[in-house]
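Student: Structure provided below as C-alpha cells; questions to follow.
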Amino acid sequence: MTRAHTLETPPTTPARALDGPPVPEGPPPPRRKHTWRRLGNQALWYAAAIVLALFIALPIYLIFVSAVTPEADRYTYPKAIVPSALSFENISFFLRASGVVDAFWRSCIVGIITIVLALGIGAPAGYAIARYVFRGRDAYRLVILATRAFPVVILSIPLAVLYRQVGINDSVLGVALMHTTLALPFTVLITSSVFVSIPRDLEEAAQTLGCSPAQAFRRISLPLALPGLTAAAIFTWVLSWNDVFAAAILTLRNPTLPARILSSLTQAPLHFQFAAAFVMLVPSLVVIFIIRRYLLGLWGRVVK
Amino acid sequence: MSEIRLERIVKTFKDVRAVDDVSLTVAQGEFMVLLGPSGCGKTTLLRSIAGLEDIDAGRVVIGGRDVTELPPRARRVAMVFQSYAVFPHMSVFENIAFGLRMSKVEKTTLTRRVRSAAELLHIEALLDRYPSQVSGGQRQRIAVARAIAMEPDVLLMDEPLSNLDALLRLEMRAELKRLLNEIGSTTVYVTHDQVEAMSMGDRIAVMRAGRILQLGDPLTIYQTPVDRFVGGFIGSPPMNFLPATVRDGGDGLRAEVQDAGSLRLDGTAAWLTGRIGQAVTMGVRAEDIDVVEDGGADGVLRGRILVVEPLGSHDLLTVRLGESRLKVATRPGIALRADDPVVLRPQVERLVWLDPESDRALERPASAA
C-alpha cells in the first residue's frame with residue numbers, strides 16, 4: 001500500500017524537469033503531465049532498486065565466479081566477469097574434505113532448533129508485551145535489549161566452563177541454546193511489534209462470535225501475524241547460520257559449518273575459501289527465497 | 001430476543017470508576033442508546049454486557065439467565081465494533097460465516113443464513129471479496145451482517161457509525177434503524193452523537209462519569225432534561241440557560257431576567273409559588289423562543305443581536321440578553337441584522353426550571369403536575 005502510494009504521489013524535484021517548457025497558450029493537458037511525472041518517478045524507483053540489488057548481488061556473484069573458475073584460469077588477470085568454463089572441482093573438493101558435510105548438516109539442525117526455541121519462547125513473550133499491561137513492562141522491554149549490550153566475548157570462558165559442567169559442550173543442542181539466547185531479544189521485540197499491529201478488537205470480535213481466547217488467537221491473530229513471525233524466523237536463521245564466535249568456543253569435534261571453515265580454511269588457498277563461502281551462502285539464499293515467496297503471498301492478500 | 005437486566009454494575013480501572021453502580025433494564029426488542037461524552041463509561045458498560053470486561057460488582061442478566069460469570073462466547077450476544085473488526089484474512093463470506101462455523105451450524109443452513117444477512121445489508125455482491133477490496137462503508141455493513149447472522153439474543157453496537165463520513169452516516173443511520181426494526185432485536189447502542197441517539201433510540205440513557213443521569217424516551221429527555229448537563233448535551237444548539245428570579249406579579253407569577261425584562265408565567269408554572277423571591281435558572285430551547293413585536297402584559301425579553309446565521313431551514317440568532325447569551329431559532333429570511341435590538345417571547349409552557357446551586361431541575365410537586 002505504501003509502495004503504490006509513493007509511486008502515485010510525485011515528489012516535486014525530479015519529475016518537474018520532465019514537464020518540459022510550458023506551452024505559451026497555457027499549461028499542458030494535466031493528464032499528460034501526470035503520466036510524465038509517474039514515469040519519472042518509476043524510473044527513480046527502479047534505479048534505486050537496481051543499485052540496491054547490485055549492492056547485494058554483486059559480491060555474491062563474484063564469490064560464485066571465483067568458486068567455479070577452473071584450475072587453469074585461477075590466476076589470470078584481470079579476472080573474467082564470466083567464467084571461461086563452469087568447474088565444480090573447488091566446491092566438490094571442499095565438500096569432500098573431512099567433516100564438512102557433517103558440519104553442514106549440524107548447522108542446519110542448529111538453525112532449525114534455534115528457530116523453534118526462539119519463536120517458541122519469544123513469540124509468547126512478544127504477545128504478552130503487546131497485549132497485556134503489567135507492572136514493569138517498559139523496564140522489561142529495556143532489559144531484554146540490555147542483554148545484547150553485554151559483550152559475548154567476556155562470557156566466553158565462563159560459558160565454556162558451564163557447558164562442560166552441564167555436559168552440553170561440543171553438542172548441537174548446546175550451540176542451539178546459545179544461538180537462541182542471542183536471538184531472543186530480537187524475536188521478542190519483532191513479534192511484539194507484530195502483535196501490536198494486530199488490533200485487539202479482532203480477537204474480541206472473535207470471542208463474541210464463539211471463540212475461546214485461545215481459539216481467537218489461533219484463528220485470527222496467528223494467521224495475521226504469520227508474515228511477521230516468518231520475518232523473525234528468517235532473522236533467527238541468518239543469525240544462527242552466520243555465527244562463528246559462539247560455535248567456535250562451544251564446539252571442538254562437532255563444529256557447525258562456520259566454525260569448521262574457520263578452523264580449517266584460514267590457511268587454505270583463496271579459491272577454496274571462495275568455494276566455502278559459496279557453500280555457506282546457498283542454504284541461506286534458498287531459505288530466504290522460499291520463505292519470502294510465502295511472505296509476499298500473504299502480505300499481498302492481506303495488505304492491499 | 002431477550003430482556004437485559006443490569007444490576008448495580010461497578011467497574012473500576014485503577015482508581016477511576018468507569019461504571020459506578022449502574023442499574024438498567026432493556027426490554028425485549030427495545031432499542032436502547034447509551035449516550036454521553038467520551039470517558040463517561042458507556043463503552044465500558046457495553047463491554048460488560050458482552051463479557052469483554054470483568055465487572056467488579058453487580059450482575060448481568062440476559063433473558064433471565066445470569067451471565068455475569070460467563071465468557072463472551074457463551075452469552076449469545078453479538079457485537080459491532082467501532083473499528084468494525086472485520087477479519088482481513090477472510091473473504092466477506094467467511095467473515096459473516098465465522099460465528100456460524102464456530103457454533104457448528106450445518107452447511108446448507110450456514111450458507112442460507114450468510115446469504116440472507118448479506119441481502120439485508122445489500123452486500124450480497126461482495127461475498128467473494130476480501131475486506132481490503134471494499135470501502136469503509138461496506139466494511140461496516142459486513143460487521144453488522146456478521147453480527148445479525150448469529151441471530152443473537154442481544155445486539156450490542158459500539159459507535160458503529162462514527163468512522164463513516166457525514167453523508168454515509170446519515171444514510172446508514174436510517175438503514176440501521178429500518179433493519180433493527182425488521183429483525184426486532186434487543187439492541188444496546190453506544191454513541192456520543194446526540195442526533196444519532198435522538199433519531200434511533202426507543203429510549204436513551206444519558207451517562208456521565210460512570211452514572212446514568214437520565215433515562216427516558218428521546219422527546220422527554222429533549223424537553224425536560226433533569227439537569228443542566230443533559231440539557232446542554234442533547235440538542236443542537238444546546239438548551240439556553242438564563243438566570244432569573246421568581247416574582248409575584250399580582251396577576252400571577254413572573255420570572256424576572258435581569259436587564260432583559262420579565263415574563264408572566266402561565267398555570268403550568270404555578271408550582272413555583274414556593275420559590276417567590278428566589279433565584280432560579282430558566283432553561284429554554286432555541287426553537288421555543290418567538291421573535292415578537294411586543295408581548296403586552298405577558299412581558300418580553302429585550303436584547304441585542306450579536307450574530308445571525310442563516311442555515312437554510314431556519315436562521316440561528318445569537319442574542320445578548322443582559323449578561324447572558326441566548327440562541328434563538330427563527331423562520332429563515334428574518335429581516336434582522338447584527339446589532340439590531342430584538343424582542344423575544346419564550347413559550348412559557350415549554351420552560352424548564354433548575355436550581356442555580358445544584359444545576360438540577362427543580363422538583364415539581366406531584367399535585368401540580
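Lettering and numbering for the C-alpha cells are positional, with chains as A, B, ... in the shown order, residues counted from 1 in each chain, and ligands counted from 1 in the shown order.
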Write down as a PyMOL selection string the residues belonging to stretch 102-305 of chain B that are assigned strand (DSSP E or B) by DSSP computed on the backbone.

Tutor: chain B and resi 154-158+186-191+203-208+211-216+227+240-248+253-257+261-264+279-284+289-291+301-305

Student: Per DSSP on the backbone, filter stretch 49-184 of chain A down to the residues in helix (DSSP H, G or I) and report them as JSON, numbers by chain.

Tutor: {"A": [49, 50, 51, 52, 53, 54, 55, 56, 57, 58, 59, 60, 61, 62, 63, 64, 65, 66, 67, 68, 71, 72, 73, 89, 90, 91, 92, 93, 94, 95, 96, 100, 101, 102, 103, 104, 105, 106, 107, 108, 109, 110, 111, 112, 113, 114, 115, 116, 117, 118, 119, 120, 121, 122, 123, 124, 125, 126, 127, 128, 129, 130, 131, 137, 138, 139, 140, 141, 142, 143, 144, 145, 146, 147, 148, 149, 152, 153, 154, 155, 156, 157, 158, 159, 160, 161, 162, 163, 164, 165, 166, 172, 173, 174, 175, 176, 177, 178, 179, 180, 181, 182, 183, 184]}

Student: Of the residues B:Val319, B:Cys40, B:Ile148, B:Ala78, which is the one nearest to B:Leu52, using only C-alpha atoms?

Tutor: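 Selected residue with least distance to B:Leu52: B:Ala78.
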
Student: Would you mind listing what lies within 8 Å of A:Val194 as number ranges by chain, with only C-alpha atoms counted and same-chain residues fewer than 6 positions away left out?

Tutor: A: 225, 228-229

Student: What would the file look like if the residues just selected were written as a PDB file, in the first residue's frame with N, CA, C and O atoms?

Tutor:
```
ATOM      1  N   ALA A 225      -0.415 -12.740  11.993  1.00  0.00           N
ATOM      2  CA  ALA A 225       0.949 -12.473  12.440  1.00  0.00           C
ATOM      3  C   ALA A 225       1.974 -13.261  11.635  1.00  0.00           C
ATOM      4  O   ALA A 225       3.167 -12.980  11.707  1.00  0.00           O
ATOM      5  N   GLY A 228       4.945 -11.625   9.857  1.00  0.00           N
ATOM      6  CA  GLY A 228       5.888 -11.061  10.818  1.00  0.00           C
ATOM      7  C   GLY A 228       6.690 -12.150  11.517  1.00  0.00           C
ATOM      8  O   GLY A 228       7.907 -12.029  11.707  1.00  0.00           O
ATOM      9  N   LEU A 229       6.004 -13.233  11.880  1.00  0.00           N
ATOM     10  CA  LEU A 229       6.700 -14.340  12.539  1.00  0.00           C
ATOM     11  C   LEU A 229       7.717 -14.964  11.585  1.00  0.00           C
ATOM     12  O   LEU A 229       8.808 -15.370  11.989  1.00  0.00           O
TER      13      LEU A 229
END
```

Student: Show me which bits of chain B are within 6 Å of chain A, counting only C-alpha atoms, as a list in words.

Tutor: Pro72, Arg73, Ala78, Ala85, Pro88, His89, Gly99 and Met102 of chain B

Student: Smallest atom-to-atom distance to B:Arg146: which of B:Asp193, B:Glu106, B:Glu175, B:Glu94, using only C-alpha atoms?

Tutor: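 Comparing B:Asp193, B:Glu106, B:Glu175, B:Glu94 against B:Arg146, the winner is B:Glu94.
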
Student: Name all residues at most 12 Å from B:Ser116 (count only C-alpha atoms; drop same-chain ones fewer than 2 positions away) and give them as an MDAnalysis selection string.

Tutor: chainID B and resid 93 96:97 109:114 118:124 127 145:146 148:151 183

Student: Filtering to N, CA, C and O atoms, could you give me those residues as a compact mmCIF listing (two decimals), in the first residue's frame?

Tutor:
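Full text of selection-v3.txt as output:
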```
# COMPACT_ATOMS: atom_id res chain seq x y z
N PHE B 93 -17.62 -13.51 2.76
CA PHE B 93 -18.46 -14.66 3.11
C PHE B 93 -17.98 -15.31 4.40
O PHE B 93 -18.74 -15.55 5.33
N ILE B 96 -18.72 -13.29 7.54
CA ILE B 96 -20.10 -13.39 8.03
C ILE B 96 -20.37 -14.78 8.59
O ILE B 96 -21.10 -14.95 9.55
N ALA B 97 -19.71 -15.78 7.98
CA ALA B 97 -19.94 -17.17 8.39
C ALA B 97 -19.17 -17.55 9.65
O ALA B 97 -19.44 -18.59 10.25
N THR B 109 -27.67 -24.62 6.07
CA THR B 109 -28.21 -23.56 6.92
C THR B 109 -27.26 -22.38 6.96
O THR B 109 -27.67 -21.22 6.88
N LEU B 110 -25.97 -22.71 7.08
CA LEU B 110 -24.95 -21.67 7.16
C LEU B 110 -24.99 -20.78 5.92
O LEU B 110 -25.09 -19.55 6.02
N THR B 111 -24.97 -21.43 4.75
CA THR B 111 -24.99 -20.65 3.51
C THR B 111 -26.25 -19.79 3.44
O THR B 111 -26.19 -18.63 3.07
N ARG B 112 -27.36 -20.36 3.82
CA ARG B 112 -28.61 -19.62 3.76
C ARG B 112 -28.57 -18.40 4.68
O ARG B 112 -28.93 -17.30 4.29
N ARG B 113 -28.07 -18.62 5.91
CA ARG B 113 -28.07 -17.51 6.86
C ARG B 113 -27.07 -16.42 6.46
O ARG B 113 -27.33 -15.23 6.63
N VAL B 114 -25.93 -16.83 5.92
CA VAL B 114 -24.96 -15.84 5.45
C VAL B 114 -25.58 -15.02 4.33
O VAL B 114 -25.52 -13.79 4.30
N ALA B 118 -26.42 -11.07 4.31
CA ALA B 118 -25.79 -10.21 3.30
C ALA B 118 -26.83 -9.44 2.51
O ALA B 118 -26.65 -8.27 2.20
N GLU B 119 -27.97 -10.11 2.24
CA GLU B 119 -29.01 -9.43 1.48
C GLU B 119 -29.63 -8.29 2.28
O GLU B 119 -29.90 -7.22 1.76
N LEU B 120 -29.81 -8.53 3.57
CA LEU B 120 -30.37 -7.48 4.42
C LEU B 120 -29.50 -6.23 4.39
O LEU B 120 -29.97 -5.11 4.49
N LEU B 121 -28.19 -6.43 4.27
CA LEU B 121 -27.26 -5.30 4.28
C LEU B 121 -26.86 -4.87 2.87
O LEU B 121 -26.01 -4.01 2.72
N HIS B 122 -27.45 -5.50 1.85
CA HIS B 122 -27.15 -5.18 0.45
C HIS B 122 -25.69 -5.37 0.10
O HIS B 122 -25.08 -4.54 -0.56
N ILE B 123 -25.07 -6.44 0.58
CA ILE B 123 -23.68 -6.68 0.22
C ILE B 123 -23.52 -8.07 -0.40
O ILE B 123 -22.43 -8.63 -0.42
N GLU B 124 -24.63 -8.63 -0.94
CA GLU B 124 -24.53 -9.98 -1.48
C GLU B 124 -23.57 -10.05 -2.66
O GLU B 124 -23.02 -11.11 -2.97
N LEU B 127 -19.59 -10.95 -1.57
CA LEU B 127 -19.27 -12.09 -0.72
C LEU B 127 -17.91 -12.72 -1.01
O LEU B 127 -17.27 -13.27 -0.12
N ALA B 145 -23.63 -7.41 9.29
CA ALA B 145 -24.15 -8.69 8.78
C ALA B 145 -23.61 -9.85 9.60
O ALA B 145 -24.33 -10.79 9.92
N ARG B 146 -22.33 -9.78 9.96
CA ARG B 146 -21.71 -10.84 10.75
C ARG B 146 -22.40 -10.97 12.09
O ARG B 146 -22.59 -12.08 12.60
N ILE B 148 -25.64 -9.98 12.83
CA ILE B 148 -27.03 -10.44 12.79
C ILE B 148 -27.16 -11.86 12.26
O ILE B 148 -28.14 -12.53 12.55
N ALA B 149 -26.13 -12.34 11.52
CA ALA B 149 -26.18 -13.72 11.06
C ALA B 149 -26.19 -14.69 12.23
O ALA B 149 -26.65 -15.82 12.13
N MET B 150 -25.67 -14.23 13.37
CA MET B 150 -25.62 -15.08 14.57
C MET B 150 -27.01 -15.25 15.19
O MET B 150 -27.19 -16.07 16.06
N GLU B 151 -27.96 -14.43 14.75
CA GLU B 151 -29.28 -14.38 15.38
C GLU B 151 -29.14 -14.36 16.89
O GLU B 151 -29.64 -15.24 17.61
N ILE B 183 -35.75 -6.91 12.20
CA ILE B 183 -35.41 -8.15 12.90
C ILE B 183 -35.83 -8.10 14.36
O ILE B 183 -35.75 -9.10 15.06
```

Student: Between atom CA of B:Leu45 and atom CA of B:Ile142, what is the spacing in Å?

Tutor: 24.2 Å

Student: Can you work out the spacing between atom CA of B:Gly216 and atom CA of B:Gly201 in Å, to one decimal?

Tutor: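 Going from atom CA of B:Gly216 over to atom CA of B:Gly201, I get 9.8 Å.
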
Student: Mind giving me the straight-line distance from atom CA of B:Asp290 to atom CA of B:Val230 in Å, one decimal?

Tutor: 23.3 Å

Student: Which polymer residues have any atom within 10 Å of an atom of B:Gly312, counting only C-alpha atoms, with same-chain residues fewer than 6 positions away left out, as a list in words?

Tutor: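 Contacts, in chain order: Arg331, Pro332 and Gly333 of chain B.
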
Student: Taking only C-alpha atoms into account, name the residue in B:Ala279, B:Ile289, B:Val33, B:Val134 that is nearest to B:Gln214.

Tutor: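 Distance minimum relative to B:Gln214 lands on B:Val33.
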
Student: List the neighbours of stretch 137-145 of chain A out to 9 Å using only C-alpha atoms; skip same-chain residues closer than 2 positions along the sequence, and give me the result as a PyMOL selection string.

Tutor: chain A and resi 129+132-135+147-149+184-186+188-189

Student: Within 9 Å of A:Ala130, counting only C-alpha atoms, which residues show up once you throw out same-chain ones fewer than 5 positions away? Write them as a PyMOL selection string, please.

Tutor: chain A and resi 125+191-197

Student: Please produce, as a Markdown table, a per-residue contact table for stretch 24-134 of chain A versus stretch 263-277 of chain A (criterion: any atom at most 7 Å away, only C-alpha atoms considered), showing the nearest atom pair and its distance in Å to one decimal, sorted by chain then residue number.

Tutor:
```
| residue | atom | partner | partner_atom | distance |
| --- | --- | --- | --- | --- |
| A:Ile63 | CA | A:Phe274 | CA | 5.7 |
| A:Ser66 | CA | A:Phe274 | CA | 6.1 |
| A:Ala67 | CA | A:Ala275 | CA | 4.5 |
| A:Asn90 | CA | A:Ala275 | CA | 5.9 |
| A:Ile91 | CA | A:Ala275 | CA | 5.0 |
| A:Phe94 | CA | A:Phe272 | CA | 6.6 |
```
